[in-house]
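Student: For reference, this is entry_8.txt, and it has compact mmCIF, C-alpha atoms.
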# COMPACT_ATOMS: atom_id res chain seq x y z
CA MET A 668 50.58 21.33 156.00
CA LEU A 669 53.00 22.46 153.31
CA ALA A 670 52.98 26.21 152.63
CA MET A 671 55.03 28.92 150.97
CA ASN A 672 56.90 30.95 153.60
CA TYR A 673 58.36 34.45 153.19
CA ARG A 674 61.78 34.87 154.84
CA GLY A 675 62.72 38.32 153.45
CA PRO A 676 63.33 39.91 150.05
CA TYR A 677 64.13 37.29 147.39
CA ARG A 678 63.87 34.53 150.02
CA VAL A 679 60.88 32.19 150.00
CA ARG A 680 60.65 28.48 150.68
CA ALA A 681 58.19 25.65 151.27
CA VAL A 682 57.82 24.75 154.95
CA GLN A 683 55.49 22.85 157.23
CA LYS A 684 52.98 25.12 158.99
CA ALA A 685 49.99 24.45 161.23
CA GLU A 686 46.76 23.88 159.33
CA PRO A 687 44.31 26.80 159.55
CA GLU A 688 41.24 26.52 161.74
CA ILE A 689 37.77 28.02 161.80
CA GLU A 690 38.13 31.32 163.71
CA HIS A 691 34.76 32.88 162.97
CA PRO A 692 31.30 31.37 162.30
CA ASN A 693 31.43 32.59 158.69
CA ASP A 694 34.82 31.02 157.87
CA ALA A 695 35.55 28.10 155.59
CA ILE A 696 38.65 25.93 155.29
CA ILE A 697 39.65 25.26 151.69
CA ARG A 698 41.96 22.49 150.45
CA VAL A 699 43.84 24.21 147.64
CA THR A 700 43.82 22.68 144.15
CA ARG A 701 45.55 25.49 142.22
CA ALA A 702 47.46 28.61 143.32
CA CYS A 703 48.99 31.11 140.92
CA ILE A 704 51.98 33.36 141.42
CA CYS A 705 50.88 36.87 140.43
CA GLY A 706 53.03 39.71 139.16
CA SER A 707 51.85 41.58 142.26
CA ASP A 708 53.41 38.83 144.41
CA LEU A 709 56.75 39.83 142.91
CA HIS A 710 56.44 43.28 144.53
CA LEU A 711 56.26 41.45 147.88
CA TYR A 712 59.07 39.09 146.88
CA HIS A 713 61.28 42.04 145.99
CA GLY A 714 60.62 43.77 149.32
CA LEU A 715 58.72 46.75 147.92
CA VAL A 716 55.43 46.44 149.85
CA PRO A 717 55.39 47.87 153.40
CA ASP A 718 54.71 45.61 156.38
CA THR A 719 55.33 42.32 154.58
CA ARG A 720 56.22 40.20 157.57
CA VAL A 721 58.54 37.22 157.79
CA GLY A 722 56.51 34.02 158.06
CA THR A 723 53.69 35.20 155.78
CA THR A 724 52.22 32.86 153.17
CA PHE A 725 51.54 34.65 149.88
CA GLY A 726 48.94 33.80 147.27
CA HIS A 727 45.75 35.64 146.34
CA GLU A 728 44.84 33.57 143.27
CA PHE A 729 43.60 30.10 144.21
CA THR A 730 40.91 27.47 143.83
CA GLY A 731 40.10 24.67 146.24
CA ILE A 732 37.68 22.17 147.71
CA VAL A 733 35.67 23.08 150.79
CA GLU A 734 36.79 20.91 153.72
CA GLU A 735 34.96 22.60 156.59
CA VAL A 736 32.54 25.49 157.10
CA GLY A 737 31.62 27.57 160.12
CA PRO A 738 28.12 27.39 161.61
CA SER A 739 26.94 30.59 159.88
CA VAL A 740 27.91 29.54 156.35
CA ARG A 741 24.84 28.80 154.22
CA ASN A 742 26.01 29.06 150.61
CA LEU A 743 28.84 26.49 150.68
CA LYS A 744 29.05 22.87 151.73
CA LYS A 745 31.84 20.36 152.18
CA GLY A 746 33.06 19.05 148.83
CA ASP A 747 32.24 22.16 146.77
CA HIS A 748 35.03 23.09 144.35
CA VAL A 749 35.32 26.86 144.45
CA LEU A 750 37.28 29.75 142.99
CA VAL A 751 38.13 32.40 145.57
CA PRO A 752 38.32 36.05 144.47
CA PHE A 753 41.43 37.78 145.76
CA ASN A 754 39.23 40.38 147.49
CA ILE A 755 38.12 39.59 151.03
CA PHE A 756 34.84 41.44 151.51
CA CYS A 757 31.79 41.44 153.75
CA GLY A 758 29.13 42.03 151.13
CA SER A 759 27.12 44.42 153.30
CA CYS A 760 29.11 47.61 154.03
CA PHE A 761 28.64 50.93 152.19
CA PHE A 762 31.29 50.04 149.60
CA CYS A 763 30.22 46.44 149.04
CA GLN A 764 26.68 47.70 148.42
CA LYS A 765 28.18 49.73 145.57
CA GLU A 766 29.98 46.56 144.33
CA LEU A 767 33.33 48.10 145.27
CA TYR A 768 34.37 44.80 146.81
CA SER A 769 38.07 45.68 146.69
CA ASN A 770 37.32 48.61 149.04
CA CYS A 771 35.33 46.74 151.71
CA HIS A 772 35.33 48.67 154.99
CA ASN A 773 35.02 45.74 157.40
CA VAL A 774 37.89 43.38 156.61
CA ASN A 775 41.05 45.47 156.96
CA PRO A 776 42.18 47.67 159.87
CA GLU A 777 43.91 49.84 157.25
CA ALA A 778 40.66 50.21 155.29
CA THR A 779 40.98 53.94 154.65
CA ALA A 780 42.01 52.71 151.19
CA VAL A 781 42.11 49.08 150.07
CA GLY A 782 40.07 46.27 151.64
CA GLY A 783 41.37 42.81 152.50
CA ILE A 784 43.52 40.69 150.17
CA TYR A 785 44.81 37.17 150.76
CA GLY A 786 48.55 36.89 151.33
CA TYR A 787 49.37 40.51 150.58
CA SER A 788 51.07 41.98 153.67
CA HIS A 789 49.51 43.54 156.73
CA THR A 790 48.64 46.66 154.74
CA THR A 791 45.76 44.57 153.32
CA GLY A 792 44.73 42.88 156.55
CA GLY A 793 47.50 40.37 157.26
CA TYR A 794 45.65 37.31 155.94
CA ASP A 795 47.64 34.24 154.91
CA GLY A 796 47.24 33.32 151.27
CA GLY A 797 46.61 30.27 149.17
CA GLN A 798 50.11 29.14 148.18
CA ALA A 799 49.60 26.30 150.64
CA GLU A 800 47.73 23.04 151.01
CA TYR A 801 44.96 24.66 153.08
CA VAL A 802 43.74 28.22 153.60
CA ARG A 803 41.21 29.90 155.87
CA VAL A 804 38.62 31.82 153.85
CA PRO A 805 36.74 34.51 155.84
CA MET A 806 33.31 35.79 154.77
CA ALA A 807 32.80 32.46 153.04
CA ASP A 808 29.16 33.12 152.24
CA VAL A 809 29.96 36.04 149.91
CA GLY A 810 33.43 35.48 148.42
CA PRO A 811 33.95 31.96 147.07
CA THR A 812 32.07 30.92 143.92
CA VAL A 813 31.33 27.30 143.04
CA ILE A 814 33.12 26.41 139.79
CA PRO A 815 30.59 25.47 137.06
CA SER A 816 30.84 21.81 136.04
CA ASP A 817 31.81 22.72 132.47
CA LEU A 818 34.66 25.02 133.55
CA ASP A 819 38.21 23.68 133.73
CA VAL A 820 39.98 24.37 137.02
CA ASP A 821 42.93 25.95 135.17
CA ASP A 822 40.51 28.47 133.64
CA ALA A 823 38.79 28.96 136.99
CA VAL A 824 41.97 29.89 138.86
CA LEU A 825 42.56 32.75 136.43
CA LEU A 826 39.11 34.10 137.31
CA THR A 827 40.32 34.83 140.85
CA ASP A 828 42.39 37.86 139.76
CA ALA A 829 44.32 38.02 136.48
CA TYR A 830 41.42 37.81 134.01
CA PRO A 831 38.97 40.02 136.01
CA THR A 832 41.73 42.58 136.63
CA GLY A 833 42.57 42.74 132.93
CA TYR A 834 38.87 42.99 132.08
CA GLN A 835 38.27 45.78 134.61
CA ALA A 836 41.33 47.59 133.27
CA ALA A 837 39.68 47.67 129.87
CA GLU A 838 36.24 48.44 131.31
CA MET A 839 37.56 51.45 133.22
CA GLY A 840 38.88 52.79 129.91
CA ASP A 841 35.27 53.49 128.88
CA ILE A 842 36.13 52.11 125.45
CA GLU A 843 33.84 53.25 122.66
CA GLU A 844 33.38 51.40 119.40
CA GLY A 845 36.42 51.86 117.18
CA ASP A 846 38.70 53.34 119.87
CA THR A 847 42.46 52.88 119.78
CA VAL A 848 43.62 51.30 123.03
CA VAL A 849 47.23 51.06 124.21
CA VAL A 850 48.04 48.53 126.95
CA PHE A 851 51.34 48.94 128.78
CA GLY A 852 52.62 45.57 129.99
CA ALA A 853 52.42 42.15 128.34
CA GLY A 854 52.21 40.16 131.54
CA PRO A 855 49.07 38.15 132.33
CA VAL A 856 46.93 41.19 133.27
CA GLY A 857 48.05 43.14 130.20
CA ILE A 858 47.34 40.13 127.99
CA PHE A 859 43.80 39.88 129.36
CA ALA A 860 43.30 43.66 129.13
CA ALA A 861 44.23 43.55 125.44
CA LYS A 862 41.85 40.66 124.76
CA SER A 863 39.08 42.36 126.75
CA ALA A 864 39.53 45.63 124.85
CA TRP A 865 38.37 43.84 121.68
CA LEU A 866 35.37 42.39 123.52
CA LEU A 867 34.42 45.92 124.63
CA GLY A 868 34.50 47.33 121.10
CA ALA A 869 38.04 48.59 120.44
CA GLY A 870 38.97 49.16 116.82
CA ARG A 871 42.72 48.92 117.39
CA VAL A 872 44.78 47.44 120.25
CA ILE A 873 48.51 48.06 120.80
CA VAL A 874 50.56 46.43 123.57
CA VAL A 875 53.87 47.86 124.84
CA ASP A 876 56.55 45.80 126.60
CA HIS A 877 60.28 45.14 126.30
CA LEU A 878 60.43 41.33 126.39
CA GLU A 879 60.13 39.88 122.92
CA TYR A 880 58.74 36.52 124.05
CA ARG A 881 55.88 38.26 125.88
CA LEU A 882 55.17 40.51 122.90
CA GLU A 883 55.05 37.48 120.60
CA PHE A 884 52.69 35.74 123.02
CA VAL A 885 50.23 38.63 123.32
CA LYS A 886 50.30 39.18 119.57
CA ARG A 887 49.10 35.59 119.08
CA PHE A 888 46.68 35.49 122.03
CA ALA A 889 45.05 38.90 121.58
CA GLN A 890 45.63 39.54 117.84
CA CYS A 891 47.09 42.97 118.57
CA GLU A 892 49.92 45.21 117.43
CA VAL A 893 53.01 45.37 119.63
CA VAL A 894 55.74 47.89 120.43
CA ASN A 895 59.05 47.12 122.13
CA PHE A 896 59.83 50.22 124.18
CA LYS A 897 63.57 49.49 123.96
CA ASP A 898 63.26 50.44 120.28
CA VAL A 899 61.48 53.74 121.06
CA LYS A 900 63.23 57.00 121.91
CA ASP A 901 60.13 58.91 123.08
CA MET A 902 57.00 56.92 123.86
CA ALA A 903 54.54 59.82 123.59
CA ILE A 904 55.84 60.88 120.20
CA HIS A 905 55.96 57.29 118.97
CA LEU A 906 52.35 56.57 119.89
CA LYS A 907 51.14 59.90 118.54
CA LYS A 908 52.88 59.08 115.25
CA MET A 909 51.02 55.75 115.18
CA THR A 910 47.67 57.53 115.72
CA ASP A 911 47.60 60.43 113.25
CA TRP A 912 49.38 62.61 115.83
CA LEU A 913 46.33 62.71 118.09
CA GLY A 914 47.28 59.97 120.55
CA PRO A 915 45.37 56.83 121.55
CA ASP A 916 41.86 57.16 122.97
CA VAL A 917 42.67 54.97 125.97
CA CYS A 918 45.93 54.09 127.73
CA ILE A 919 46.02 51.28 130.31
CA ASP A 920 48.75 50.80 132.93
CA CYS A 921 49.11 47.08 133.66
CA VAL A 922 52.69 47.39 134.95
CA GLY A 923 52.86 49.38 138.18
CA ALA A 924 55.68 49.93 140.62
CA GLU A 925 58.55 48.05 138.99
CA ALA A 926 58.32 49.46 135.49
CA ALA A 927 61.50 49.50 133.43
CA GLY A 928 62.23 52.11 130.79
CA ASN A 929 63.49 55.13 132.74
CA PHE A 930 66.69 55.17 134.80
CA MET A 931 65.69 57.99 137.16
CA GLN A 932 62.27 56.47 137.86
CA ARG A 933 63.88 53.09 138.66
CA LEU A 934 66.47 54.75 140.89
CA THR A 935 63.94 56.76 142.92
CA GLY A 936 61.05 54.30 142.84
CA VAL A 937 62.70 50.89 143.16
CA HIS A 938 66.31 51.10 144.31
CA THR A 939 66.11 53.95 146.83
CA MET A 940 62.31 53.92 147.38
CA MET A 941 62.11 57.72 147.45
CA GLN A 942 58.73 57.31 145.76
CA ALA A 943 56.20 54.47 145.86
CA GLY A 944 57.43 52.71 142.75
CA ALA A 945 58.71 53.78 139.35
CA ALA A 946 56.00 55.94 137.74
CA THR A 947 57.38 55.44 134.23
CA VAL A 948 54.19 54.02 132.76
CA LEU A 949 52.03 56.69 134.40
CA HIS A 950 54.10 59.30 132.54
CA TRP A 951 53.78 57.37 129.28
CA CYS A 952 50.01 57.01 129.69
CA ILE A 953 49.34 60.65 130.56
CA ASN A 954 51.68 62.07 127.94
CA SER A 955 50.63 59.67 125.14
CA VAL A 956 46.83 59.56 125.38
CA ARG A 957 44.88 62.05 123.30
CA LYS A 958 43.34 65.18 124.79
CA GLY A 959 40.09 64.25 126.50
CA GLY A 960 41.17 60.60 126.61
CA THR A 961 41.08 58.08 129.43
CA VAL A 962 43.87 56.55 131.49
CA SER A 963 43.05 53.31 133.32
CA ILE A 964 45.40 52.10 136.07
CA VAL A 965 45.51 48.60 137.55
CA GLY A 966 49.28 48.33 137.96
CA VAL A 967 50.11 48.18 141.67
CA TYR A 968 51.86 51.11 143.37
CA GLY A 969 52.70 51.28 147.05
CA PRO A 970 51.61 54.00 149.44
CA THR A 971 51.87 56.88 149.59
CA PHE A 972 53.05 59.08 146.71
CA ASN A 973 54.63 59.10 143.26
CA PHE A 974 56.10 61.76 140.97
CA VAL A 975 53.22 61.99 138.48
CA PRO A 976 52.64 64.71 135.82
CA ILE A 977 49.20 65.63 137.13
CA GLY A 978 49.40 69.07 135.50
CA ASN A 979 49.62 67.44 132.08
CA ALA A 980 46.54 65.36 132.89
CA LEU A 981 44.68 68.51 133.93
CA ASN A 982 45.61 70.52 130.88
CA LYS A 983 44.75 67.64 128.53
CA GLY A 984 41.34 67.16 130.14
CA LEU A 985 41.98 63.50 130.92
CA THR A 986 39.83 61.05 132.83
CA LEU A 987 41.86 58.93 135.25
CA ARG A 988 40.25 55.73 136.57
CA MET A 989 41.87 53.15 138.81
CA ASN A 990 41.22 50.52 141.46
CA GLN A 991 41.89 46.97 142.48
CA ALA A 992 39.46 44.77 140.57
CA SER A 993 36.15 43.90 142.21
CA VAL A 994 36.28 40.30 141.03
CA LYS A 995 32.84 39.09 142.10
CA ARG A 996 31.09 41.77 140.03
CA HIS A 997 32.69 40.53 136.82
CA LEU A 998 32.37 36.76 137.26
CA PRO A 999 29.01 36.18 135.52
CA ARG A 1000 30.13 37.99 132.36
CA LEU A 1001 33.60 36.44 132.29
CA ILE A 1002 32.32 32.90 132.86
CA GLU A 1003 29.92 33.51 129.98
CA HIS A 1004 32.83 34.54 127.72
CA ILE A 1005 34.69 31.33 128.59
CA GLN A 1006 31.66 29.09 128.10
CA ALA A 1007 30.94 30.75 124.74
CA GLY A 1008 34.50 30.01 123.59
CA ARG A 1009 35.51 33.66 123.19
CA ILE A 1010 38.52 33.22 125.47
CA LYS A 1011 40.48 30.37 127.07
CA PRO A 1012 42.29 31.93 130.05
CA SER A 1013 44.37 28.84 130.84
CA GLU A 1014 46.26 29.29 127.56
CA ILE A 1015 48.49 31.82 129.33
CA ILE A 1016 49.69 29.22 131.86
CA THR A 1017 53.22 28.27 130.84
CA HIS A 1018 54.51 26.49 133.95
CA ARG A 1019 52.86 24.10 136.41
CA VAL A 1020 55.14 23.71 139.41
CA PRO A 1021 54.81 21.50 142.51
CA LEU A 1022 54.28 23.59 145.65
CA GLU A 1023 57.44 22.00 147.08
CA GLU A 1024 59.43 23.90 144.42
CA VAL A 1025 57.91 27.31 145.17
CA ALA A 1026 61.33 28.98 145.58
CA ASP A 1027 62.31 27.90 142.06
CA ALA A 1028 58.95 29.07 140.72
CA TYR A 1029 59.42 32.57 142.17
CA HIS A 1030 62.94 32.79 140.74
CA LEU A 1031 61.71 31.61 137.34
CA PHE A 1032 58.88 34.14 137.23
CA SER A 1033 60.83 37.05 138.71
CA SER A 1034 63.79 36.60 136.37
CA LYS A 1035 61.57 35.98 133.29
CA LEU A 1036 63.29 32.67 132.58
CA ASP A 1037 62.16 29.95 130.18
CA ASN A 1038 59.65 32.27 128.46
CA CYS A 1039 57.50 32.26 131.61
CA ILE A 1040 54.15 34.01 131.30
CA LYS A 1041 52.15 32.55 134.21
CA PRO A 1042 53.23 29.91 136.77
CA VAL A 1043 50.72 27.83 138.71
CA LEU A 1044 51.56 25.94 141.91
CA ILE A 1045 50.08 22.47 142.45
CA PRO A 1046 49.87 21.30 146.09
CA PRO A 1047 50.66 17.61 146.79
CA SER A 1048 47.05 16.64 147.55
CA ALA A 1049 45.89 18.03 144.20
CA ARG A 1050 48.30 15.78 142.32
CA HIS A 1051 47.01 12.55 143.84
Show how you would write the structure in this file as structure tokens.
Tutor:
Amino acid sequence: MLAMNYRGPYRVRAVQKAEPEIEHPNDAIIRVTRACICGSDLHLYHGLVPDTRVGTTFGHEFTGIVEEVGPSVRNLKKGDHVLVPFNIFCGSCFFCQKELYSNCHNVNPEATAVGGIYGYSHTTGGYDGGQAEYVRVPMADVGPTVIPSDLDVDDAVLLTDAYPTGYQAAEMGDIEEGDTVVVFGAGPVGIFAAKSAWLLGAGRVIVVDHLEYRLEFVKRFAQCEVVNFKDVKDMAIHLKKMTDWLGPDVCIDCVGAEAAGNFMQRLTGVHTMMQAGAATVLHWCINSVRKGGTVSIVGVYGPTFNFVPIGNALNKGLTLRMNQASVKRHLPRLIEHIQAGRIKPSEIITHRVPLEEVADAYHLFSSKLDNCIKPVLIPPSARH
């Protein structure tokens, strides 16, 4: 089969690999119909995630058609068109019982923290991902969800990660009616977080980024205010000035490890890796939000530490909430929003790229070329 193949930082290509096989009675083999490139994949692409091994296939956002199921699978059958949450989870452990599917204890040998994730290094279990023609899906009775007949596949693929992650980012902000919410990052997750903030009752939504084309996009898609941080000398002062000098009620970090905006953070967190990513946005969130406010974090940082102003958070009485999104928990509500016409997730897709051109797609997305917001890979079999 054709599959994306990681050869080292900034080096990916499409190669022929052996097709996956059933390895466990609860496995399924999925023929991929759509596979996104996520901003989190760029952390792998740039060599910033530990234990990302040569030969790995990335891709944790994908849909596909069930080709084969193991003998224990009861909830799927051959021919079902499914969306596959990026979390691999068992559905029965202590954490799954609490709907913390991203923290499943049975699917990752490194499960002291995160659970299993498709195509996201051996720190999340070492599973191959969906940027391929076929993918093995473990725990197939609890993860994959059959796509409703009235849901477009391009909308469905964004329910595997980007939209639920943006929604959970807003949900973890504990937004109350009328709150002012600031979202850092106008990538796909930030765009969905801004849109979701309105759905959860926000009275004002502000998005911060430095790329004008992304700010223009989110302003249209989420009807929000925007700030270009390149035009701002001090982010905390700027946002306090915009909010009667109190600060926003909620700040959301949708950027993570590769944040721009501070030379020393980039030097220590990206170029020399003295800390687990540039903590620029964490500083902006903690220092900007009002006293007693909430900071929600879904931007990805690597293990194990960052230079974070935790004393400021303490003295301001802040609530900090963070996690990888537990996709399955959100699906009923998010599908309802799509079916009711409140949101059309596929509107953020700007580029549809053949899987054969995966190297070009990564370069396009990483370098922010051609006003790219979200690229989707189309395997050969899905184009026929």
Student: Which of these, A:Glu1003, A:Glu1023, A:Asp901, A:Glu766, has the shortest distance to Gln798 of chain A once you count all atoms listed in the file?
Tutor: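 Looking at the shortest contact to Gln798 of chain A, the residue is A:Glu1023.
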Student: For Tyr768 of chain A, which residue out of A:Gln942, A:Asn990, A:Thr790, A:Ser863 is the nearest one, using only C-alpha atoms?
Tutor: A:Asn990
Student: Considering all atoms listed in the file, give me a table of residues in segment 968-1012 of chain A that are at most 9 Å from segment 815-821 of chain A, with the closest atom pair and distance in Å for each, as a tab-separated table.
Tutor:
residue	atom	partner	partner_atom	distance
A:Ile1002	CA	A:Leu818	CA	8.2
A:Ile1005	CA	A:Leu818	CA	8.0
A:Gln1006	CA	A:Leu818	CA	7.4
A:Pro1012	CA	A:Asp821	CA	7.9
Student: List the spatial neighbours of Leu1022 of chain A as number ranges by chain - criterion: any atom at most 7 Å away, all atoms listed in the file, same-chain residues fewer than 2 positions off excluded.
Tutor: A: 1020, 1024-1025, 1044-1046
Student: With distances taken over all atoms listed in the file, which residue among A:His691, A:Arg871, A:Lys886, A:Arg933 lies nearest Cys918 of chain A?
Tutor: A:Arg871
Student: Find the nearest atom pair between each residue of segment 848-897 of chain A and segment 946-968 of chain A for residues within 9 Å, count only C-alpha atoms, give distances in Å to one decimal, sort rows by chain and ascending number, and present the table as a tab-separated table.
Tutor:
residue	atom	partner	partner_atom	distance
A:Val849	CA	A:Cys952	CA	8.6
A:Phe851	CA	A:Val948	CA	7.1
A:Val856	CA	A:Val965	CA	8.7
Student: Sorted by chain and rising residue number, list the residues of segment 929-985 of chain A at most 12 Å from segment 709-718 of chain A (counting all atoms listed in the file), each with its closest atom pair and distance in Å to one decimal, as a Markdown table.
Tutor:
| residue | atom | partner | partner_atom | distance |
| --- | --- | --- | --- | --- |
| A:Gly936 | CA | A:Leu715 | CA | 9.4 |
| A:Val937 | CA | A:Leu715 | CA | 7.5 |
| A:His938 | CA | A:Leu715 | CA | 9.5 |
| A:Thr939 | CA | A:Leu715 | CA | 10.4 |
| A:Met940 | CA | A:Leu715 | CA | 8.0 |
| A:Met941 | CA | A:Leu715 | CA | 11.5 |
| A:Gln942 | CA | A:Leu715 | CA | 10.8 |
| A:Ala943 | CA | A:Leu715 | CA | 8.4 |
| A:Gly944 | CA | A:Leu715 | CA | 8.0 |
| A:Ala945 | CA | A:Leu715 | CA | 11.1 |
| A:Gly966 | CA | A:His710 | CA | 11.0 |
| A:Val967 | CA | A:His710 | CA | 8.5 |
| A:Tyr968 | CA | A:Val716 | CA | 8.7 |
| A:Gly969 | CA | A:Val716 | CA | 6.2 |
| A:Pro970 | CA | A:Pro717 | CA | 8.2 |
| A:Thr971 | CA | A:Pro717 | CA | 10.4 |
